[in-house]
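Trainee: Structure incoming, see below.
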Amino acid sequence: MHFDFDHMERLGARSHSFDAGEKIFLQNEHGNVLYVVRTGRVEVITFGKVLEKVGANGIVGEIAFVDGGPRSAAALASEKTDVMVLDKDAFFAIIREDPDFAFHVMRVMAERLRRLNLVGHH
């Protein structure tokens, strides 16, 4: 799925840049925003193990964003990375205009949870 980032910004998402090696969030932090990667690459890490590398148009931080729980993994920018940061207001504004966006976030979450269950974590 390709996103219209300028449109997201008009609906309340904010743009943010991270340098290579910079943390986006840490495991167990409270998470009230989700991130959509514009450019660059994000590594999703738990206990020092890279679970996934997420590039442009990828989503990170959706699990804690949706359930209000702690972050299930950490996310680090592995190169200079630009993201859109969506809080709940921006998220709802976007899905009012594009309900498929909510389904896309659910699909990403389902794929990640399915992968974690297959791998099992320790």
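Ordered as shown in the structure tokens, chains take letters A, B, and onward, while each chain numbers its residues from 1 and ligands are numbered from 1 in the order shown.
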Name the residues in contact with stretch 98-101 of chain A at a cut-off of 12 Å, using only C-alpha atoms, excluding same-chain residues fewer than 2 positions from it; report them as a PyMOL selection string.
Mentor: chain A and resi 1-4+7-8+11+36+57+59+90-96+103-108
Trainee: Could you give me, as a tab-separated table, a per-residue list for stretch 26-101 of chain A showing, wherever an atom lies at most 10 Å from an atom of stretch 112-118 of chain A, the closest pair of atoms and their distance in Å to one decimal, using only C-alpha atoms and sorting by chain then residue number from low to high?
Mentor:
residue	atom	partner	partner_atom	distance
A:Leu51	CA	A:Leu116	CA	8.7
A:Glu52	CA	A:Arg112	CA	9.1
A:Ile63	CA	A:Leu113	CA	9.3
Trainee: Quick check for you: according to DSSP on this backbone, which residues of stretch 28-84 of chain A are classed as helix (DSSP H, G or I)? Reply as a ChimeraX atom specification.
Mentor: /A:62-67
Trainee: Would you write out those residues with C-alpha atoms, as a PDB file, in the first residue's frame?
Mentor:
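Wrote again11.pdb, looks like this:
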ATOM      1  CA  GLU A  62       0.629  -0.378  15.813  1.00  0.00           C
ATOM      2  CA  ILE A  63       0.181  -2.992  18.538  1.00  0.00           C
ATOM      3  CA  ALA A  64       0.668  -0.667  21.530  1.00  0.00           C
ATOM      4  CA  PHE A  65      -1.163   2.097  19.654  1.00  0.00           C
ATOM      5  CA  VAL A  66      -4.256  -0.081  19.223  1.00  0.00           C
ATOM      6  CA  ASP A  67      -4.366  -1.862  22.584  1.00  0.00           C
TER       7      ASP A  67
END
Trainee: Taking only stretch 4-113 of chain A into account, list the residues labelled strand (DSSP E or B) by DSSP (computed from the backbone), as a PDB file with all heavy atoms, in the first residue's frame.
Mentor:
ATOM      1  N   ARG A  14       2.019  14.182  11.957  1.00  0.00           N
ATOM      2  CA  ARG A  14       3.175  15.075  11.903  1.00  0.00           C
ATOM      3  C   ARG A  14       4.399  14.320  11.405  1.00  0.00           C
ATOM      4  O   ARG A  14       4.545  13.129  11.645  1.00  0.00           O
ATOM      5  CB  ARG A  14       3.415  15.755  13.245  1.00  0.00           C
ATOM      6  CG  ARG A  14       3.803  14.869  14.379  1.00  0.00           C
ATOM      7  CD  ARG A  14       3.931  15.661  15.693  1.00  0.00           C
ATOM      8  NE  ARG A  14       4.714  14.928  16.650  1.00  0.00           N
ATOM      9  CZ  ARG A  14       4.254  13.943  17.398  1.00  0.00           C
ATOM     10  NH1 ARG A  14       2.994  13.577  17.301  1.00  0.00           N
ATOM     11  NH2 ARG A  14       5.040  13.303  18.236  1.00  0.00           N
ATOM     12  N   SER A  15       5.237  15.062  10.710  1.00  0.00           N
ATOM     13  CA  SER A  15       6.437  14.486  10.125  1.00  0.00           C
ATOM     14  C   SER A  15       7.572  14.540  11.149  1.00  0.00           C
ATOM     15  O   SER A  15       7.657  15.498  11.924  1.00  0.00           O
ATOM     16  CB  SER A  15       6.793  15.299   8.889  1.00  0.00           C
ATOM     17  OG  SER A  15       7.870  14.716   8.220  1.00  0.00           O
ATOM     18  N   HIS A  16       8.401  13.498  11.179  1.00  0.00           N
ATOM     19  CA  HIS A  16       9.545  13.485  12.094  1.00  0.00           C
ATOM     20  C   HIS A  16      10.691  12.729  11.430  1.00  0.00           C
ATOM     21  O   HIS A  16      10.459  11.776  10.692  1.00  0.00           O
ATOM     22  CB  HIS A  16       9.153  12.815  13.416  1.00  0.00           C
ATOM     23  CG  HIS A  16      10.184  13.009  14.493  1.00  0.00           C
ATOM     24  ND1 HIS A  16      10.211  14.137  15.278  1.00  0.00           N
ATOM     25  CD2 HIS A  16      11.218  12.228  14.884  1.00  0.00           C
ATOM     26  CE1 HIS A  16      11.236  14.040  16.124  1.00  0.00           C
ATOM     27  NE2 HIS A  16      11.857  12.893  15.903  1.00  0.00           N
ATOM     28  N   SER A  17      11.917  13.174  11.710  1.00  0.00           N
ATOM     29  CA  SER A  17      13.109  12.518  11.152  1.00  0.00           C
ATOM     30  C   SER A  17      13.947  11.910  12.267  1.00  0.00           C
ATOM     31  O   SER A  17      14.052  12.484  13.355  1.00  0.00           O
ATOM     32  CB  SER A  17      13.974  13.532  10.402  1.00  0.00           C
ATOM     33  OG  SER A  17      13.289  13.974   9.263  1.00  0.00           O
ATOM     34  N   PHE A  18      14.534  10.768  11.976  1.00  0.00           N
ATOM     35  CA  PHE A  18      15.449  10.099  12.900  1.00  0.00           C
ATOM     36  C   PHE A  18      16.764   9.860  12.176  1.00  0.00           C
ATOM     37  O   PHE A  18      16.778   9.508  10.997  1.00  0.00           O
ATOM     38  CB  PHE A  18      14.879   8.745  13.343  1.00  0.00           C
ATOM     39  CG  PHE A  18      13.642   8.856  14.191  1.00  0.00           C
ATOM     40  CD1 PHE A  18      12.390   8.778  13.613  1.00  0.00           C
ATOM     41  CD2 PHE A  18      13.737   9.045  15.569  1.00  0.00           C
ATOM     42  CE1 PHE A  18      11.241   8.883  14.390  1.00  0.00           C
ATOM     43  CE2 PHE A  18      12.591   9.150  16.351  1.00  0.00           C
ATOM     44  CZ  PHE A  18      11.345   9.070  15.768  1.00  0.00           C
ATOM     45  N   LYS A  23      16.892   5.783  18.378  1.00  0.00           N
ATOM     46  CA  LYS A  23      15.729   5.003  18.799  1.00  0.00           C
ATOM     47  C   LYS A  23      14.444   5.746  18.433  1.00  0.00           C
ATOM     48  O   LYS A  23      14.360   6.967  18.558  1.00  0.00           O
ATOM     49  CB  LYS A  23      15.760   4.706  20.299  1.00  0.00           C
ATOM     50  CG  LYS A  23      15.365   5.856  21.180  1.00  0.00           C
ATOM     51  CD  LYS A  23      15.147   5.400  22.607  1.00  0.00           C
ATOM     52  CE  LYS A  23      14.801   6.543  23.522  1.00  0.00           C
ATOM     53  NZ  LYS A  23      13.497   7.129  23.352  1.00  0.00           N
ATOM     54  N   ILE A  24      13.474   5.012  17.967  1.00  0.00           N
ATOM     55  CA  ILE A  24      12.149   5.565  17.703  1.00  0.00           C
ATOM     56  C   ILE A  24      11.283   5.320  18.935  1.00  0.00           C
ATOM     57  O   ILE A  24      10.620   6.213  19.441  1.00  0.00           O
ATOM     58  CB  ILE A  24      11.553   4.956  16.422  1.00  0.00           C
ATOM     59  CG1 ILE A  24      12.450   5.340  15.235  1.00  0.00           C
ATOM     60  CG2 ILE A  24      10.110   5.409  16.216  1.00  0.00           C
ATOM     61  CD1 ILE A  24      12.141   4.630  13.949  1.00  0.00           C
ATOM     62  N   PHE A  25      11.327   4.084  19.443  1.00  0.00           N
ATOM     63  CA  PHE A  25      10.747   3.781  20.753  1.00  0.00           C
ATOM     64  C   PHE A  25      11.433   2.549  21.318  1.00  0.00           C
ATOM     65  O   PHE A  25      12.089   1.804  20.593  1.00  0.00           O
ATOM     66  CB  PHE A  25       9.218   3.615  20.702  1.00  0.00           C
ATOM     67  CG  PHE A  25       8.707   2.594  19.709  1.00  0.00           C
ATOM     68  CD1 PHE A  25       8.724   1.228  19.995  1.00  0.00           C
ATOM     69  CD2 PHE A  25       8.187   2.997  18.487  1.00  0.00           C
ATOM     70  CE1 PHE A  25       8.245   0.295  19.083  1.00  0.00           C
ATOM     71  CE2 PHE A  25       7.695   2.077  17.567  1.00  0.00           C
ATOM     72  CZ  PHE A  25       7.729   0.717  17.867  1.00  0.00           C
ATOM     73  N   HIS A  30       5.322   3.144  26.980  1.00  0.00           N
ATOM     74  CA  HIS A  30       3.917   3.377  26.646  1.00  0.00           C
ATOM     75  C   HIS A  30       3.870   3.876  25.197  1.00  0.00           C
ATOM     76  O   HIS A  30       4.706   4.668  24.794  1.00  0.00           O
ATOM     77  CB  HIS A  30       3.325   4.424  27.591  1.00  0.00           C
ATOM     78  CG  HIS A  30       1.925   4.801  27.259  1.00  0.00           C
ATOM     79  ND1 HIS A  30       0.878   3.907  27.388  1.00  0.00           N
ATOM     80  CD2 HIS A  30       1.390   5.937  26.767  1.00  0.00           C
ATOM     81  CE1 HIS A  30      -0.240   4.495  27.000  1.00  0.00           C
ATOM     82  NE2 HIS A  30       0.047   5.728  26.620  1.00  0.00           N
ATOM     83  N   LEU A  34       1.369   5.714  16.321  1.00  0.00           N
ATOM     84  CA  LEU A  34       1.957   4.744  15.400  1.00  0.00           C
ATOM     85  C   LEU A  34       2.719   5.513  14.344  1.00  0.00           C
ATOM     86  O   LEU A  34       2.524   6.719  14.169  1.00  0.00           O
ATOM     87  CB  LEU A  34       0.914   3.794  14.821  1.00  0.00           C
ATOM     88  CG  LEU A  34      -0.118   4.217  13.795  1.00  0.00           C
ATOM     89  CD1 LEU A  34       0.478   4.249  12.393  1.00  0.00           C
ATOM     90  CD2 LEU A  34      -1.255   3.224  13.797  1.00  0.00           C
ATOM     91  N   TYR A  35       3.611   4.825  13.672  1.00  0.00           N
ATOM     92  CA  TYR A  35       4.517   5.452  12.715  1.00  0.00           C
ATOM     93  C   TYR A  35       4.354   4.815  11.350  1.00  0.00           C
ATOM     94  O   TYR A  35       4.285   3.592  11.239  1.00  0.00           O
ATOM     95  CB  TYR A  35       5.977   5.263  13.162  1.00  0.00           C
ATOM     96  CG  TYR A  35       6.270   5.838  14.525  1.00  0.00           C
ATOM     97  CD1 TYR A  35       6.036   5.090  15.679  1.00  0.00           C
ATOM     98  CD2 TYR A  35       6.780   7.123  14.672  1.00  0.00           C
ATOM     99  CE1 TYR A  35       6.302   5.612  16.933  1.00  0.00           C
ATOM    100  CE2 TYR A  35       7.051   7.655  15.927  1.00  0.00           C
ATOM    101  CZ  TYR A  35       6.805   6.896  17.053  1.00  0.00           C
ATOM    102  OH  TYR A  35       7.062   7.416  18.292  1.00  0.00           O
ATOM    103  N   VAL A  36       4.298   5.669  10.324  1.00  0.00           N
ATOM    104  CA  VAL A  36       4.314   5.205   8.941  1.00  0.00           C
ATOM    105  C   VAL A  36       5.626   5.700   8.343  1.00  0.00           C
ATOM    106  O   VAL A  36       5.925   6.900   8.373  1.00  0.00           O
ATOM    107  CB  VAL A  36       3.108   5.740   8.139  1.00  0.00           C
ATOM    108  CG1 VAL A  36       3.140   5.204   6.711  1.00  0.00           C
ATOM    109  CG2 VAL A  36       1.787   5.386   8.816  1.00  0.00           C
ATOM    110  N   VAL A  37       6.428   4.773   7.813  1.00  0.00           N
ATOM    111  CA  VAL A  37       7.750   5.121   7.289  1.00  0.00           C
ATOM    112  C   VAL A  37       7.597   5.782   5.918  1.00  0.00           C
ATOM    113  O   VAL A  37       6.987   5.224   5.014  1.00  0.00           O
ATOM    114  CB  VAL A  37       8.642   3.861   7.177  1.00  0.00           C
ATOM    115  CG1 VAL A  37      10.021   4.216   6.631  1.00  0.00           C
ATOM    116  CG2 VAL A  37       8.755   3.163   8.532  1.00  0.00           C
ATOM    117  N   ARG A  38       8.141   6.995   5.812  1.00  0.00           N
ATOM    118  CA  ARG A  38       8.175   7.701   4.506  1.00  0.00           C
ATOM    119  C   ARG A  38       9.389   7.248   3.717  1.00  0.00           C
ATOM    120  O   ARG A  38       9.281   6.829   2.573  1.00  0.00           O
ATOM    121  CB  ARG A  38       8.292   9.208   4.721  1.00  0.00           C
ATOM    122  CG  ARG A  38       7.008   9.920   4.994  1.00  0.00           C
ATOM    123  CD  ARG A  38       7.275  11.407   5.139  1.00  0.00           C
ATOM    124  NE  ARG A  38       6.968  12.072   3.899  1.00  0.00           N
ATOM    125  CZ  ARG A  38       6.355  13.242   3.809  1.00  0.00           C
ATOM    126  NH1 ARG A  38       6.005  13.907   4.882  1.00  0.00           N
ATOM    127  NH2 ARG A  38       6.096  13.765   2.640  1.00  0.00           N
ATOM    128  N   THR A  39      10.556   7.407   4.324  1.00  0.00           N
ATOM    129  CA  THR A  39      11.816   7.023   3.680  1.00  0.00           C
ATOM    130  C   THR A  39      12.713   6.416   4.755  1.00  0.00           C
ATOM    131  O   THR A  39      12.545   6.693   5.940  1.00  0.00           O
ATOM    132  CB  THR A  39      12.548   8.236   3.063  1.00  0.00           C
ATOM    133  OG1 THR A  39      12.860   9.166   4.108  1.00  0.00           O
ATOM    134  CG2 THR A  39      11.711   8.920   1.994  1.00  0.00           C
ATOM    135  N   VAL A  42      13.527   1.010   9.293  1.00  0.00           N
ATOM    136  CA  VAL A  42      13.380   0.841  10.743  1.00  0.00           C
ATOM    137  C   VAL A  42      13.595  -0.632  11.079  1.00  0.00           C
ATOM    138  O   VAL A  42      13.030  -1.502  10.416  1.00  0.00           O
ATOM    139  CB  VAL A  42      11.966   1.282  11.203  1.00  0.00           C
ATOM    140  CG1 VAL A  42      11.760   0.981  12.688  1.00  0.00           C
ATOM    141  CG2 VAL A  42      11.736   2.758  10.900  1.00  0.00           C
ATOM    142  N   GLU A  43      14.416  -0.886  12.094  1.00  0.00           N
ATOM    143  CA  GLU A  43      14.590  -2.251  12.581  1.00  0.00           C
ATOM    144  C   GLU A  43      13.743  -2.421  13.836  1.00  0.00           C
ATOM    145  O   GLU A  43      13.832  -1.623  14.768  1.00  0.00           O
ATOM    146  CB  GLU A  43      16.058  -2.540  12.899  1.00  0.00           C
ATOM    147  CG  GLU A  43      16.908  -2.620  11.656  1.00  0.00           C
ATOM    148  CD  GLU A  43      18.342  -3.050  11.935  1.00  0.00           C
ATOM    149  OE1 GLU A  43      18.782  -2.986  13.101  1.00  0.00           O
ATOM    150  OE2 GLU A  43      19.009  -3.443  10.965  1.00  0.00           O
ATOM    151  N   VAL A  44      12.904  -3.452  13.827  1.00  0.00           N
ATOM    152  CA  VAL A  44      12.090  -3.800  14.990  1.00  0.00           C
ATOM    153  C   VAL A  44      12.856  -4.890  15.734  1.00  0.00           C
ATOM    154  O   VAL A  44      13.184  -5.928  15.158  1.00  0.00           O
ATOM    155  CB  VAL A  44      10.687  -4.281  14.555  1.00  0.00           C
ATOM    156  CG1 VAL A  44       9.860  -4.670  15.769  1.00  0.00           C
ATOM    157  CG2 VAL A  44       9.987  -3.190  13.738  1.00  0.00           C
ATOM    158  N   ILE A  45      13.170  -4.611  17.000  1.00  0.00           N
ATOM    159  CA  ILE A  45      14.107  -5.444  17.751  1.00  0.00           C
ATOM    160  C   ILE A  45      13.505  -5.844  19.094  1.00  0.00           C
ATOM    161  O   ILE A  45      12.869  -5.023  19.765  1.00  0.00           O
ATOM    162  CB  ILE A  45      15.422  -4.658  18.016  1.00  0.00           C
ATOM    163  CG1 ILE A  45      16.050  -4.235  16.686  1.00  0.00           C
ATOM    164  CG2 ILE A  45      16.398  -5.463  18.856  1.00  0.00           C
ATOM    165  CD1 ILE A  45      17.162  -3.235  16.814  1.00  0.00           C
ATOM    166  N   THR A  46      13.710  -7.089  19.493  1.00  0.00           N
ATOM    167  CA  THR A  46      13.368  -7.515  20.844  1.00  0.00           C
ATOM    168  C   THR A  46      14.513  -8.357  21.390  1.00  0.00           C
ATOM    169  O   THR A  46      15.035  -9.218  20.682  1.00  0.00           O
ATOM    170  CB  THR A  46      12.026  -8.272  20.905  1.00  0.00           C
ATOM    171  OG1 THR A  46      11.716  -8.542  22.274  1.00  0.00           O
ATOM    172  CG2 THR A  46      12.035  -9.558  20.134  1.00  0.00           C
ATOM    173  N   LYS A  49      17.424  -9.080  19.179  1.00  0.00           N
ATOM    174  CA  LYS A  49      17.204  -9.818  17.929  1.00  0.00           C
ATOM    175  C   LYS A  49      16.329  -8.982  16.990  1.00  0.00           C
ATOM    176  O   LYS A  49      15.282  -8.479  17.391  1.00  0.00           O
ATOM    177  CB  LYS A  49      16.495 -11.138  18.262  1.00  0.00           C
ATOM    178  CG  LYS A  49      16.158 -11.999  17.058  1.00  0.00           C
ATOM    179  CD  LYS A  49      15.559 -13.328  17.537  1.00  0.00           C
ATOM    180  CE  LYS A  49      15.229 -14.249  16.396  1.00  0.00           C
ATOM    181  NZ  LYS A  49      14.004 -13.912  15.700  1.00  0.00           N
ATOM    182  N   VAL A  50      16.779  -8.831  15.741  1.00  0.00           N
ATOM    183  CA  VAL A  50      15.992  -8.077  14.756  1.00  0.00           C
ATOM    184  C   VAL A  50      14.839  -8.958  14.284  1.00  0.00           C
ATOM    185  O   VAL A  50      15.046 -10.022  13.696  1.00  0.00           O
ATOM    186  CB  VAL A  50      16.862  -7.635  13.559  1.00  0.00           C
ATOM    187  CG1 VAL A  50      16.009  -6.935  12.509  1.00  0.00           C
ATOM    188  CG2 VAL A  50      17.988  -6.727  14.027  1.00  0.00           C
ATOM    189  N   LEU A  51      13.622  -8.525  14.569  1.00  0.00           N
ATOM    190  CA  LEU A  51      12.434  -9.272  14.150  1.00  0.00           C
ATOM    191  C   LEU A  51      12.052  -8.951  12.718  1.00  0.00           C
ATOM    192  O   LEU A  51      11.549  -9.793  11.988  1.00  0.00           O
ATOM    193  CB  LEU A  51      11.237  -8.926  15.051  1.00  0.00           C
ATOM    194  CG  LEU A  51      11.342  -9.273  16.529  1.00  0.00           C
ATOM    195  CD1 LEU A  51      10.112  -8.770  17.265  1.00  0.00           C
ATOM    196  CD2 LEU A  51      11.495 -10.779  16.701  1.00  0.00           C
ATOM    197  N   GLU A  52      12.274  -7.678  12.349  1.00  0.00           N
ATOM    198  CA  GLU A  52      11.802  -7.232  11.047  1.00  0.00           C
ATOM    199  C   GLU A  52      12.506  -5.936  10.666  1.00  0.00           C
ATOM    200  O   GLU A  52      12.863  -5.137  11.533  1.00  0.00           O
ATOM    201  CB  GLU A  52      10.288  -6.974  11.164  1.00  0.00           C
ATOM    202  CG  GLU A  52       9.588  -6.744   9.859  1.00  0.00           C
ATOM    203  CD  GLU A  52       8.066  -6.642  10.023  1.00  0.00           C
ATOM    204  OE1 GLU A  52       7.546  -6.942  11.107  1.00  0.00           O
ATOM    205  OE2 GLU A  52       7.431  -6.261   9.036  1.00  0.00           O
ATOM    206  N   LYS A  53      12.695  -5.752   9.357  1.00  0.00           N
ATOM    207  CA  LYS A  53      13.197  -4.484   8.826  1.00  0.00           C
ATOM    208  C   LYS A  53      12.065  -3.876   8.019  1.00  0.00           C
ATOM    209  O   LYS A  53      11.553  -4.507   7.096  1.00  0.00           O
ATOM    210  CB  LYS A  53      14.437  -4.710   7.966  1.00  0.00           C
ATOM    211  CG  LYS A  53      15.608  -5.229   8.785  1.00  0.00           C
ATOM    212  CD  LYS A  53      16.836  -5.483   7.946  1.00  0.00           C
ATOM    213  CE  LYS A  53      17.942  -6.021   8.839  1.00  0.00           C
ATOM    214  NZ  LYS A  53      19.179  -6.201   8.140  1.00  0.00           N
ATOM    215  N   VAL A  54      11.671  -2.677   8.381  1.00  0.00           N
ATOM    216  CA  VAL A  54      10.496  -2.035   7.781  1.00  0.00           C
ATOM    217  C   VAL A  54      10.952  -0.833   6.972  1.00  0.00           C
ATOM    218  O   VAL A  54      11.621   0.064   7.499  1.00  0.00           O
ATOM    219  CB  VAL A  54       9.499  -1.595   8.887  1.00  0.00           C
ATOM    220  CG1 VAL A  54       8.276  -0.928   8.282  1.00  0.00           C
ATOM    221  CG2 VAL A  54       9.101  -2.795   9.756  1.00  0.00           C
ATOM    222  N   ILE A  59       4.580   0.190   8.461  1.00  0.00           N
ATOM    223  CA  ILE A  59       3.987   0.701   9.696  1.00  0.00           C
ATOM    224  C   ILE A  59       4.678   0.042  10.875  1.00  0.00           C
ATOM    225  O   ILE A  59       4.917  -1.165  10.861  1.00  0.00           O
ATOM    226  CB  ILE A  59       2.472   0.397   9.719  1.00  0.00           C
ATOM    227  CG1 ILE A  59       1.775   1.216   8.642  1.00  0.00           C
ATOM    228  CG2 ILE A  59       1.863   0.671  11.097  1.00  0.00           C
ATOM    229  CD1 ILE A  59       0.324   0.867   8.435  1.00  0.00           C
ATOM    230  N   VAL A  60       4.998   0.841  11.904  1.00  0.00           N
ATOM    231  CA  VAL A  60       5.530   0.299  13.154  1.00  0.00           C
ATOM    232  C   VAL A  60       4.815   0.949  14.332  1.00  0.00           C
ATOM    233  O   VAL A  60       4.325   2.072  14.228  1.00  0.00           O
ATOM    234  CB  VAL A  60       7.063   0.485  13.296  1.00  0.00           C
ATOM    235  CG1 VAL A  60       7.816  -0.353  12.283  1.00  0.00           C
ATOM    236  CG2 VAL A  60       7.461   1.935  13.196  1.00  0.00           C
ATOM    237  N   PRO A  70       2.020  -1.712  26.626  1.00  0.00           N
ATOM    238  CA  PRO A  70       3.412  -1.322  26.393  1.00  0.00           C
ATOM    239  C   PRO A  70       3.902  -1.786  25.019  1.00  0.00           C
ATOM    240  O   PRO A  70       3.327  -2.704  24.437  1.00  0.00           O
ATOM    241  CB  PRO A  70       4.175  -2.034  27.512  1.00  0.00           C
ATOM    242  CG  PRO A  70       3.317  -3.202  27.876  1.00  0.00           C
ATOM    243  CD  PRO A  70       1.895  -2.778  27.628  1.00  0.00           C
ATOM    244  N   ALA A  74      11.305  -2.904  20.450  1.00  0.00           N
ATOM    245  CA  ALA A  74      11.911  -1.592  20.229  1.00  0.00           C
ATOM    246  C   ALA A  74      11.975  -1.332  18.729  1.00  0.00           C
ATOM    247  O   ALA A  74      11.919  -2.264  17.924  1.00  0.00           O
ATOM    248  CB  ALA A  74      13.319  -1.559  20.820  1.00  0.00           C
ATOM    249  N   ALA A  75      12.086  -0.062  18.365  1.00  0.00           N
ATOM    250  CA  ALA A  75      12.265   0.307  16.958  1.00  0.00           C
ATOM    251  C   ALA A  75      13.396   1.314  16.861  1.00  0.00           C
ATOM    252  O   ALA A  75      13.415   2.312  17.584  1.00  0.00           O
ATOM    253  CB  ALA A  75      10.974   0.897  16.394  1.00  0.00           C
ATOM    254  N   LEU A  76      14.349   1.020  15.972  1.00  0.00           N
ATOM    255  CA  LEU A  76      15.499   1.887  15.750  1.00  0.00           C
ATOM    256  C   LEU A  76      15.601   2.210  14.270  1.00  0.00           C
ATOM    257  O   LEU A  76      15.358   1.347  13.420  1.00  0.00           O
ATOM    258  CB  LEU A  76      16.801   1.186  16.166  1.00  0.00           C
ATOM    259  CG  LEU A  76      16.937   0.713  17.604  1.00  0.00           C
ATOM    260  CD1 LEU A  76      18.264  -0.042  17.775  1.00  0.00           C
ATOM    261  CD2 LEU A  76      16.872   1.875  18.566  1.00  0.00           C
ATOM    262  N   ALA A  77      15.989   3.456  13.971  1.00  0.00           N
ATOM    263  CA  ALA A  77      16.249   3.825  12.580  1.00  0.00           C
ATOM    264  C   ALA A  77      17.608   3.241  12.200  1.00  0.00           C
ATOM    265  O   ALA A  77      18.603   3.533  12.854  1.00  0.00           O
ATOM    266  CB  ALA A  77      16.255   5.344  12.436  1.00  0.00           C
ATOM    267  N   THR A  81      15.912   8.219   8.562  1.00  0.00           N
ATOM    268  CA  THR A  81      14.543   7.769   8.320  1.00  0.00           C
ATOM    269  C   THR A  81      13.555   8.889   8.612  1.00  0.00           C
ATOM    270  O   THR A  81      13.658   9.560   9.644  1.00  0.00           O
ATOM    271  CB  THR A  81      14.235   6.544   9.217  1.00  0.00           C
ATOM    272  OG1 THR A  81      15.144   5.491   8.879  1.00  0.00           O
ATOM    273  CG2 THR A  81      12.808   6.054   9.038  1.00  0.00           C
ATOM    274  N   ASP A  82      12.634   9.089   7.691  1.00  0.00           N
ATOM    275  CA  ASP A  82      11.542  10.046   7.892  1.00  0.00           C
ATOM    276  C   ASP A  82      10.253   9.262   8.084  1.00  0.00           C
ATOM    277  O   ASP A  82       9.985   8.315   7.337  1.00  0.00           O
ATOM    278  CB  ASP A  82      11.384  10.972   6.680  1.00  0.00           C
ATOM    279  CG  ASP A  82      12.588  11.886   6.508  1.00  0.00           C
ATOM    280  OD1 ASP A  82      13.143  12.338   7.526  1.00  0.00           O
ATOM    281  OD2 ASP A  82      12.972  12.146   5.364  1.00  0.00           O
ATOM    282  N   VAL A  83       9.483   9.660   9.083  1.00  0.00           N
ATOM    283  CA  VAL A  83       8.229   8.978   9.381  1.00  0.00           C
ATOM    284  C   VAL A  83       7.094   9.984   9.506  1.00  0.00           C
ATOM    285  O   VAL A  83       7.329  11.171   9.715  1.00  0.00           O
ATOM    286  CB  VAL A  83       8.318   8.165  10.714  1.00  0.00           C
ATOM    287  CG1 VAL A  83       9.378   7.080  10.631  1.00  0.00           C
ATOM    288  CG2 VAL A  83       8.555   9.081  11.911  1.00  0.00           C
ATOM    289  N   MET A  84       5.876   9.480   9.392  1.00  0.00           N
ATOM    290  CA  MET A  84       4.690  10.228   9.782  1.00  0.00           C
ATOM    291  C   MET A  84       4.262   9.663  11.123  1.00  0.00           C
ATOM    292  O   MET A  84       4.193   8.446  11.291  1.00  0.00           O
ATOM    293  CB  MET A  84       3.561  10.064   8.763  1.00  0.00           C
ATOM    294  CG  MET A  84       3.859  10.622   7.394  1.00  0.00           C
ATOM    295  SD  MET A  84       4.360  12.363   7.370  1.00  0.00           S
ATOM    296  CE  MET A  84       2.897  13.163   7.983  1.00  0.00           C
ATOM    297  N   VAL A  85       3.991  10.541  12.074  1.00  0.00           N
ATOM    298  CA  VAL A  85       3.584  10.141  13.418  1.00  0.00           C
ATOM    299  C   VAL A  85       2.079  10.387  13.535  1.00  0.00           C
ATOM    300  O   VAL A  85       1.616  11.515  13.341  1.00  0.00           O
ATOM    301  CB  VAL A  85       4.333  10.969  14.485  1.00  0.00           C
ATOM    302  CG1 VAL A  85       3.973  10.489  15.886  1.00  0.00           C
ATOM    303  CG2 VAL A  85       5.846  10.910  14.262  1.00  0.00           C
ATOM    304  N   LEU A  86       1.336   9.322  13.807  1.00  0.00           N
ATOM    305  CA  LEU A  86      -0.120   9.424  13.900  1.00  0.00           C
ATOM    306  C   LEU A  86      -0.561   9.203  15.340  1.00  0.00           C
ATOM    307  O   LEU A  86      -0.301   8.143  15.916  1.00  0.00           O
ATOM    308  CB  LEU A  86      -0.816   8.364  13.034  1.00  0.00           C
ATOM    309  CG  LEU A  86      -0.947   8.628  11.534  1.00  0.00           C
ATOM    310  CD1 LEU A  86       0.409   8.713  10.863  1.00  0.00           C
ATOM    311  CD2 LEU A  86      -1.783   7.545  10.894  1.00  0.00           C
TER     312      LEU A  86
END
Trainee: Which residue gives the smallest distance to A:Gly21 among A:Lys88, A:Glu111, A:Gly58, A:Ser78, with only C-alpha atoms counted?
Mentor: A:Ser78
Trainee: Give me, please, the distance in Å between atom CA of A:Arg71 and atom CA of A:Arg41, quoted to one decimal.
Mentor: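 Taking atom CA of A:Arg71 as the start and atom CA of A:Arg41 as the end point, the length is 18.6 Å.
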Trainee: Rounded to one decimal, what separation in Å do you get between atom CA of A:Val33 and atom CA of A:Gly61?
Mentor: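 These atoms are spaced 7.0 Å apart.
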